[in-house]
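Q: This is the content of protein-v8.cif (mmCIF, C-alpha atoms and all ligand atoms):
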```cif
data_final
loop_
_atom_site.label_atom_id
_atom_site.label_comp_id
_atom_site.auth_asym_id
_atom_site.auth_seq_id
_atom_site.Cartn_x
_atom_site.Cartn_y
_atom_site.Cartn_z
CA MET A 28 32.23 -7.92 21.21
CA LEU A 29 30.76 -4.68 19.85
CA PRO A 30 29.57 -1.61 21.74
CA GLU A 31 25.91 -1.82 22.80
CA ARG A 32 24.73 0.73 20.21
CA LEU A 33 26.32 -1.21 17.36
CA THR A 34 24.92 -4.51 18.62
CA ARG A 35 21.45 -2.97 18.50
CA LEU A 36 22.01 -1.94 14.87
CA VAL A 37 23.28 -5.44 14.04
CA HIS A 38 20.01 -6.87 15.41
CA LEU A 39 17.98 -4.43 13.29
CA PHE A 40 19.82 -5.31 10.07
CA ALA A 41 19.51 -9.02 10.91
CA ARG A 42 15.71 -8.63 10.76
CA LEU A 43 15.89 -7.88 7.01
CA PRO A 44 15.06 -10.81 4.69
CA GLY A 45 18.12 -12.84 3.71
CA VAL A 46 20.43 -11.11 6.21
CA GLY A 47 21.94 -13.13 9.05
CA GLU A 48 23.81 -11.87 12.13
CA LYS A 49 27.17 -12.22 10.37
CA THR A 50 26.19 -10.16 7.35
CA ALA A 51 24.46 -7.64 9.63
CA ALA A 52 27.70 -7.21 11.60
CA ARG A 53 29.58 -6.68 8.31
CA PHE A 54 27.08 -3.95 7.34
CA VAL A 55 27.56 -2.17 10.65
CA LEU A 56 31.37 -2.33 10.58
CA PHE A 57 31.31 -1.15 6.97
CA LEU A 58 29.19 1.85 7.97
CA VAL A 59 31.55 2.71 10.82
CA ALA A 60 34.52 2.57 8.44
CA ALA A 61 32.72 4.41 5.61
CA GLY A 62 32.43 7.59 7.69
CA PRO A 63 29.53 9.92 8.46
CA GLU A 64 28.34 10.69 4.91
CA THR A 65 27.09 7.18 4.17
CA SER A 66 25.35 6.86 7.55
CA THR A 67 23.71 10.28 7.14
CA ALA A 68 22.44 9.43 3.63
CA LEU A 69 21.12 6.07 4.83
CA GLY A 70 19.46 7.66 7.86
CA GLU A 71 17.79 10.34 5.75
CA ALA A 72 16.56 7.77 3.22
CA LEU A 73 15.03 5.73 6.06
CA VAL A 74 13.27 8.77 7.53
CA ALA A 75 11.91 9.62 4.06
CA LEU A 76 10.66 6.04 3.78
CA ARG A 77 8.64 6.61 6.95
CA ASP A 78 7.36 10.09 6.05
CA ALA A 79 7.07 10.27 2.26
CA VAL A 80 6.16 6.77 1.15
CA ARG A 81 2.92 4.87 1.68
CA PRO A 82 0.71 2.46 -0.28
CA CYS A 83 -0.72 3.93 -3.51
CA ASP A 84 -4.25 5.27 -2.90
CA ARG A 85 -5.49 3.34 -5.95
CA CYS A 86 -3.63 0.04 -6.17
CA GLY A 87 -1.63 -0.49 -2.98
CA HIS A 88 1.80 -0.44 -4.68
CA VAL A 89 4.38 1.71 -2.88
CA ALA A 90 4.07 5.38 -3.82
CA GLU A 91 5.51 8.74 -2.82
CA VAL A 92 3.17 11.18 -1.12
CA GLY A 93 2.71 14.21 -3.39
CA ALA A 94 2.38 17.87 -2.40
CA ASP A 95 -1.43 17.45 -2.51
CA GLY A 96 -1.26 14.74 0.16
CA HIS A 97 -2.26 12.00 -2.28
CA ALA A 98 -0.10 8.98 -3.05
CA VAL A 99 -0.42 7.67 -6.61
CA CYS A 100 2.22 5.26 -7.92
CA ALA A 101 3.96 5.62 -11.29
CA ILE A 102 1.92 2.75 -12.79
CA CYS A 103 -1.46 4.24 -11.86
CA ALA A 104 -0.29 7.67 -13.04
CA ASP A 105 0.84 6.31 -16.44
CA PRO A 106 -1.86 7.12 -19.05
CA LYS A 107 -0.36 4.58 -21.48
CA ARG A 108 -1.42 1.68 -19.25
CA ASP A 109 -4.52 -0.22 -20.35
CA ALA A 110 -7.13 0.67 -17.72
CA ARG A 111 -9.43 -2.18 -18.87
CA LEU A 112 -6.94 -4.82 -17.71
CA MET A 113 -6.18 -5.33 -14.02
CA CYS A 114 -3.77 -7.78 -12.41
CA VAL A 115 -4.57 -8.71 -8.80
CA VAL A 116 -1.58 -9.77 -6.66
CA GLY A 117 -1.07 -10.70 -3.03
CA ARG A 118 1.95 -8.58 -2.22
CA VAL A 119 3.95 -5.67 -3.59
CA GLN A 120 6.91 -8.05 -4.16
CA ASP A 121 4.74 -10.03 -6.62
CA LEU A 122 3.77 -6.85 -8.47
CA VAL A 123 7.46 -5.97 -8.80
CA ALA A 124 8.27 -9.47 -10.12
CA ILE A 125 5.48 -9.31 -12.74
CA GLU A 126 6.43 -5.78 -13.72
CA ARG A 127 10.00 -6.99 -14.29
CA SER A 128 8.68 -9.57 -16.79
CA GLY A 129 7.28 -6.71 -18.90
CA ALA A 130 4.23 -8.80 -19.86
CA MET A 131 1.57 -6.77 -18.01
CA ARG A 132 0.27 -3.74 -19.90
CA GLY A 133 -2.61 -3.04 -17.52
CA ARG A 134 -2.69 -1.85 -13.94
CA TYR A 135 -2.57 -3.70 -10.61
CA PHE A 136 -4.38 -4.18 -7.33
CA VAL A 137 -2.47 -5.39 -4.26
CA LEU A 138 -4.62 -7.39 -1.83
CA GLY A 139 -2.09 -7.19 1.01
CA ARG A 140 -3.07 -10.64 2.25
CA LEU A 141 -4.48 -13.92 0.99
CA LEU A 142 -7.50 -15.90 2.05
CA SER A 143 -6.25 -18.46 4.56
CA PRO A 144 -8.82 -20.84 6.03
CA LEU A 145 -6.07 -22.46 8.13
CA GLU A 146 -4.90 -19.19 9.65
CA GLY A 147 -8.43 -17.89 10.07
CA VAL A 148 -8.26 -15.20 7.37
CA GLY A 149 -11.76 -15.07 5.85
CA PRO A 150 -13.21 -13.16 2.88
CA ASP A 151 -14.21 -10.24 5.14
CA GLU A 152 -10.55 -9.55 5.81
CA LEU A 153 -9.70 -9.04 2.15
CA PRO A 154 -10.16 -5.56 0.61
CA LEU A 155 -12.91 -6.75 -1.77
CA ALA A 156 -15.02 -3.60 -1.51
CA ARG A 157 -12.02 -1.45 -2.40
CA LEU A 158 -11.23 -3.78 -5.32
CA ARG A 159 -14.79 -3.47 -6.68
CA GLU A 160 -14.61 0.31 -6.33
CA ARG A 161 -11.34 0.37 -8.27
CA ILE A 162 -12.74 -1.85 -11.00
CA ALA A 163 -15.79 0.40 -11.42
CA ALA A 164 -13.76 3.62 -11.36
CA ASP A 165 -11.27 2.42 -14.00
CA GLY A 166 -13.78 0.65 -16.25
CA VAL A 167 -11.89 -2.64 -15.89
CA GLU A 168 -13.11 -5.45 -18.20
CA GLU A 169 -10.62 -8.24 -17.48
CA VAL A 170 -9.04 -9.22 -14.16
CA VAL A 171 -5.97 -11.47 -14.14
CA VAL A 172 -5.53 -13.14 -10.77
CA ALA A 173 -1.80 -13.57 -10.07
CA THR A 174 -1.89 -14.87 -6.52
CA PRO A 175 0.87 -17.44 -5.82
CA PRO A 176 0.31 -21.12 -6.70
CA SER A 177 -0.10 -22.14 -3.04
CA VAL A 178 -3.17 -23.41 -1.14
CA ASP A 179 -3.99 -19.87 0.06
CA GLY A 180 -3.25 -18.39 -3.37
CA GLU A 181 -5.62 -20.83 -5.09
CA ALA A 182 -8.35 -20.27 -2.47
CA THR A 183 -8.05 -16.52 -3.02
CA ALA A 184 -8.22 -16.95 -6.80
CA LEU A 185 -11.43 -19.00 -6.54
CA LEU A 186 -13.02 -16.44 -4.24
CA LEU A 187 -12.12 -13.58 -6.62
CA ALA A 188 -13.40 -15.54 -9.63
CA ARG A 189 -16.74 -16.06 -7.90
CA GLU A 190 -17.07 -12.48 -6.67
CA LEU A 191 -16.00 -10.80 -9.89
CA ALA A 192 -17.68 -13.07 -12.44
CA ARG A 193 -20.95 -12.05 -10.80
CA ALA A 194 -20.23 -8.50 -11.88
CA GLY A 195 -19.88 -9.66 -15.50
CA LEU A 196 -16.08 -9.35 -15.60
CA ARG A 197 -13.75 -11.68 -17.44
CA VAL A 198 -11.57 -13.31 -14.79
CA SER A 199 -8.47 -15.32 -15.62
CA ARG A 200 -5.69 -16.97 -13.66
CA ILE A 201 -2.00 -16.94 -14.57
CA ALA A 202 -1.03 -20.24 -16.18
CA SER A 203 1.05 -22.86 -14.46
CA GLY A 204 4.77 -22.72 -15.02
CA VAL A 205 5.31 -21.14 -11.66
CA PRO A 206 5.90 -24.20 -9.44
CA HIS A 207 3.20 -25.07 -6.89
CA GLY A 208 3.98 -23.55 -3.51
CA GLY A 209 6.49 -21.33 -5.30
CA ASP A 210 7.00 -17.66 -4.73
CA LEU A 211 6.28 -15.32 -7.66
CA GLU A 212 9.03 -13.08 -6.35
CA PHE A 213 11.64 -15.72 -7.17
CA ALA A 214 10.23 -16.87 -10.53
CA ASP A 215 12.34 -15.74 -13.46
CA PRO A 216 10.86 -12.98 -15.68
CA ILE A 217 10.50 -15.25 -18.74
CA THR A 218 8.50 -17.89 -16.82
CA LEU A 219 6.32 -15.18 -15.29
CA GLY A 220 5.79 -13.52 -18.67
CA ARG A 221 4.68 -16.85 -20.18
CA ALA A 222 2.42 -17.53 -17.20
CA LEU A 223 0.70 -14.18 -17.79
CA GLU A 224 0.34 -14.66 -21.55
CA GLY A 225 -1.01 -18.20 -21.07
CA ARG A 226 -3.65 -17.14 -18.51
CA LYS A 227 -6.83 -19.22 -18.41
CA GLY A 228 -10.41 -18.22 -17.76
CA LEU A 229 -11.77 -18.87 -14.28
CA GLY A 230 -15.31 -19.63 -13.18
ZN ZN B 301 -0.96 2.57 -7.97
#
```
Here is the file; what I need is its structure written in the form of C-alpha cells.
Ligand SMILES: [Zn+2]

A:
Amino acid sequence: MLPERLTRLVHLFARLPGVGEKTAARFVLFLVAAGPETSTALGEALVALRDAVRPCDRCGHVAEVGADGHAVCAICADPKRDARLMCVVGRVQDLVAIERSGAMRGRYFVLGRLLSPLEGVGPDELPLARLRERIAADGVEEVVVATPPSVDGEATALLLARELARAGLRVSRIASGVPHGGDLEFADPITLGRALEGRKGLG
C-alpha cells in the first residue's frame, strides 16, 4: 500500500517498544505530511544518538561524549550527590524511574543485565569487577540493590549482597511495594520512593 522506502521505515518504527504497525504507519505518514524540516531534525538527532551518546564511563547511565572523549552523565558529574550511597539497578530504564521518584540522593551503577540461572547468565557475566572499582573510587559505604522483584532480580540481589558484604559494605534491598514480577519502570514514583526509603539490610 505504501512505497517500499516508507514500508521499510514503518517496520523500523514498529520495532520500538509499545509501537505497533498501525501506529508506525501513522508516524511515517505524519512525517511525510510534516515536510522536510521535521524529518531532517529527527534524522540529525538519531545520528547524534549514534555518535555523541554512550554509556557513562562511571555508572552506565546514558551520557554525552565530551570534547575530552570521556562520557560522564549529569548524575555522576553532580557534586551535590552523596558519593557514599550507591543504588545498583539492572537497566537504565530503572535508573530513570527511581530518579523520577526523587528519593535517591546518591549515585547509581547500571549492571546492564541480571543473573539468570535459567538463561545461563552466570556471575562472571555481570560487571562485578567494575562495580567494585567504582565503589572503591567513590568511597561508597552503602549499596542499595534496586533490581526488579523477579526471580532473576532476587538472584542478582543475593549475589551482590554476598559479594559486597564481604568488603564490609552495608547492603540493602528496596522494600516490597513494587509487585513481584513487576517492572520498576512502570511503578509509580510514590511507590518507588517508599520502596527506597523502606529498604532493608541484606546478608
Ligand atoms: Zn554516570

Q: Could I get the residue neighbourhood of ligand ZN 301 (chain B) at 8 Å, counting only C-alpha atoms and all ligand atoms, as a tab-separated table (two decimals) with C-alpha atoms, in the frame of the given file?

A:
```
chain	number	residue	atom	x	y	z
A	82	PRO	CA	0.71	2.46	-0.28
A	83	CYS	CA	-0.72	3.93	-3.51
A	84	ASP	CA	-4.25	5.27	-2.90
A	85	ARG	CA	-5.49	3.34	-5.95
A	86	CYS	CA	-3.63	0.04	-6.17
A	87	GLY	CA	-1.63	-0.49	-2.98
A	88	HIS	CA	1.80	-0.44	-4.68
A	89	VAL	CA	4.38	1.71	-2.88
A	90	ALA	CA	4.07	5.38	-3.82
A	99	VAL	CA	-0.42	7.67	-6.61
A	100	CYS	CA	2.22	5.26	-7.92
A	101	ALA	CA	3.96	5.62	-11.29
A	102	ILE	CA	1.92	2.75	-12.79
A	103	CYS	CA	-1.46	4.24	-11.86
A	104	ALA	CA	-0.29	7.67	-13.04
A	134	ARG	CA	-2.69	-1.85	-13.94
A	135	TYR	CA	-2.57	-3.70	-10.61
A	136	PHE	CA	-4.38	-4.18	-7.33
```

Q: What does the structure give for the distance between atom CA of A:Gly147 and atom CA of A:Ala173, in Å to one decimal?

A: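 According to the coordinates, atom CA of A:Gly147 and atom CA of A:Ala173 are separated by 21.6 Å.
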
Q: Which one is closest to A:Arg226: A:Val59, A:Ser143, A:Ala130, A:Arg53? Count all atoms listed in the file.

A: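 Ranked by minimum distance to A:Arg226, first place goes to A:Ala130.
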
Q: Kindly give the distance, in Å, that separates atom CA of A:Thr183 and atom CA of A:Leu142, rounded to a single decimal.

A: 5.1 Å

Q: Would you compute the distance between atom CA of A:Arg118 and atom CA of A:Asp210? Give it in Å to one decimal.

A: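 Going from atom CA of A:Arg118 over to atom CA of A:Asp210, I get 10.7 Å.
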
Q: My list of candidates is A:Asp109, A:Glu168, A:Asp215, A:Glu126. Which is closest to A:Val198 when distances are computed with all atoms listed in the file?

A: A:Glu168

Q: Name all residues at most 12 Å from A:Met28 (count all atoms listed in the file; drop same-chain ones fewer than 6 positions away) and give them as number ranges by chain.

A: A: 34, 37, 52

Q: Have a look at A:Leu76, A:Leu112, A:Ala60, A:Leu196 and name the one nearest to A:Asp165; count only C-alpha atoms.

A: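 The shortest atom-to-atom distance to A:Asp165 comes from A:Leu112.
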
Q: Show me as a list in words the residues that reach within 6 Å of (-8.0, -8.5, -13.3), counting all atoms listed in the file and using the file's own coordinates.

A: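 Those within range, by chain then number, are Leu112, Met113, Cys114, Val115, Glu169, Val170, Val171 and Val172 of chain A.
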
Q: What lies within 8 Å of stretch 151-153 of chain A using only C-alpha atoms, ignoring chain neighbours under 4 positions off, as a list of chain:residue names?

A: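 Neighbouring residues, sequence-local ones excluded: A:Leu138, A:Gly139, A:Arg140, A:Leu141, A:Leu142.
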
Q: Could the centre and edge lengths of an axis-aligned box, enclosing all atoms of stretch 106-115 of chain A in the file with 5 Å extra on each side, be given in Å to one decimal as JSON?

A:
```
{"center_x": -4.9, "center_y": -0.8, "center_z": -15.1, "size_x": 19.1, "size_y": 25.8, "size_z": 22.7}
```

Q: Show me the residues close to (-6.4, -22.5, -10.0) - anything with an atom within 10 Å, counting only C-alpha atoms - and format the list as a PyMOL selection string.

A: chain A and resi 172+174-178+180-185+188+199-203+227-230

Q: Next, dump the selected residues to file, keeping only C-alpha atoms, as an mmCIF file, keeping the file's coordinate frame.

A:
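Saved to out.cif:
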```
data_model
loop_
_atom_site.group_PDB
_atom_site.id
_atom_site.type_symbol
_atom_site.label_atom_id
_atom_site.label_comp_id
_atom_site.auth_asym_id
_atom_site.auth_seq_id
_atom_site.Cartn_x
_atom_site.Cartn_y
_atom_site.Cartn_z
ATOM 1 C CA VAL A 172 -5.530 -13.140 -10.770
ATOM 2 C CA THR A 174 -1.890 -14.870 -6.520
ATOM 3 C CA PRO A 175 0.870 -17.440 -5.820
ATOM 4 C CA PRO A 176 0.310 -21.120 -6.700
ATOM 5 C CA SER A 177 -0.100 -22.140 -3.040
ATOM 6 C CA VAL A 178 -3.170 -23.410 -1.140
ATOM 7 C CA GLY A 180 -3.250 -18.390 -3.370
ATOM 8 C CA GLU A 181 -5.620 -20.830 -5.090
ATOM 9 C CA ALA A 182 -8.350 -20.270 -2.470
ATOM 10 C CA THR A 183 -8.050 -16.520 -3.020
ATOM 11 C CA ALA A 184 -8.220 -16.950 -6.800
ATOM 12 C CA LEU A 185 -11.430 -19.000 -6.540
ATOM 13 C CA ALA A 188 -13.400 -15.540 -9.630
ATOM 14 C CA SER A 199 -8.470 -15.320 -15.620
ATOM 15 C CA ARG A 200 -5.690 -16.970 -13.660
ATOM 16 C CA ILE A 201 -2.000 -16.940 -14.570
ATOM 17 C CA ALA A 202 -1.030 -20.240 -16.180
ATOM 18 C CA SER A 203 1.050 -22.860 -14.460
ATOM 19 C CA LYS A 227 -6.830 -19.220 -18.410
ATOM 20 C CA GLY A 228 -10.410 -18.220 -17.760
ATOM 21 C CA LEU A 229 -11.770 -18.870 -14.280
ATOM 22 C CA GLY A 230 -15.310 -19.630 -13.180
#
```

Q: Please output stretch 175-196 of chain A, rebuilt to include N, CA and C atoms, as a tab-separated table (two decimals), keeping the file's coordinate frame.

A:
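Output file out-v5.tsv follows:
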```
chain	number	residue	atom	x	y	z
A	175	PRO	N	-0.11	-16.36	-5.66
A	175	PRO	CA	0.87	-17.44	-5.82
A	175	PRO	C	0.20	-18.82	-5.90
A	176	PRO	N	0.88	-19.79	-6.54
A	176	PRO	CA	0.31	-21.12	-6.70
A	176	PRO	C	0.43	-21.96	-5.42
A	177	SER	N	-0.10	-21.43	-4.33
A	177	SER	CA	-0.10	-22.14	-3.04
A	177	SER	C	-1.56	-22.41	-2.67
A	178	VAL	N	-1.79	-23.12	-1.57
A	178	VAL	CA	-3.17	-23.41	-1.14
A	178	VAL	C	-3.94	-22.09	-0.92
A	179	ASP	N	-3.33	-21.15	-0.20
A	179	ASP	CA	-3.99	-19.87	0.06
A	179	ASP	C	-4.18	-19.05	-1.23
A	180	GLY	N	-3.17	-19.12	-2.10
A	180	GLY	CA	-3.25	-18.39	-3.37
A	180	GLY	C	-4.38	-18.90	-4.24
A	181	GLU	N	-4.55	-20.23	-4.28
A	181	GLU	CA	-5.62	-20.83	-5.09
A	181	GLU	C	-7.00	-20.52	-4.48
A	182	ALA	N	-7.08	-20.59	-3.14
A	182	ALA	CA	-8.35	-20.27	-2.47
A	182	ALA	C	-8.75	-18.83	-2.76
A	183	THR	N	-7.79	-17.93	-2.74
A	183	THR	CA	-8.05	-16.52	-3.02
A	183	THR	C	-8.51	-16.34	-4.46
A	184	ALA	N	-7.86	-17.06	-5.39
A	184	ALA	CA	-8.22	-16.95	-6.80
A	184	ALA	C	-9.66	-17.41	-7.03
A	185	LEU	N	-10.06	-18.50	-6.37
A	185	LEU	CA	-11.43	-19.00	-6.54
A	185	LEU	C	-12.45	-18.01	-5.99
A	186	LEU	N	-12.12	-17.44	-4.84
A	186	LEU	CA	-13.02	-16.44	-4.24
A	186	LEU	C	-13.18	-15.24	-5.18
A	187	LEU	N	-12.06	-14.75	-5.72
A	187	LEU	CA	-12.12	-13.58	-6.62
A	187	LEU	C	-12.90	-13.91	-7.88
A	188	ALA	N	-12.69	-15.13	-8.42
A	188	ALA	CA	-13.40	-15.54	-9.63
A	188	ALA	C	-14.90	-15.49	-9.38
A	189	ARG	N	-15.32	-16.01	-8.22
A	189	ARG	CA	-16.74	-16.06	-7.90
A	189	ARG	C	-17.30	-14.65	-7.73
A	190	GLU	N	-16.59	-13.83	-6.97
A	190	GLU	CA	-17.07	-12.48	-6.67
A	190	GLU	C	-17.13	-11.60	-7.92
A	191	LEU	N	-16.10	-11.73	-8.77
A	191	LEU	CA	-16.00	-10.80	-9.89
A	191	LEU	C	-16.78	-11.26	-11.12
A	192	ALA	N	-16.91	-12.58	-11.30
A	192	ALA	CA	-17.68	-13.07	-12.44
A	192	ALA	C	-19.13	-12.63	-12.30
A	193	ARG	N	-19.60	-12.51	-11.08
A	193	ARG	CA	-20.95	-12.05	-10.80
A	193	ARG	C	-21.18	-10.65	-11.37
A	194	ALA	N	-20.13	-9.87	-11.38
A	194	ALA	CA	-20.23	-8.50	-11.88
A	194	ALA	C	-20.03	-8.43	-13.39
A	195	GLY	N	-19.99	-9.61	-14.04
A	195	GLY	CA	-19.88	-9.66	-15.50
A	195	GLY	C	-18.47	-9.41	-16.01
A	196	LEU	N	-17.47	-9.58	-15.16
A	196	LEU	CA	-16.08	-9.35	-15.60
A	196	LEU	C	-15.47	-10.65	-16.12
```
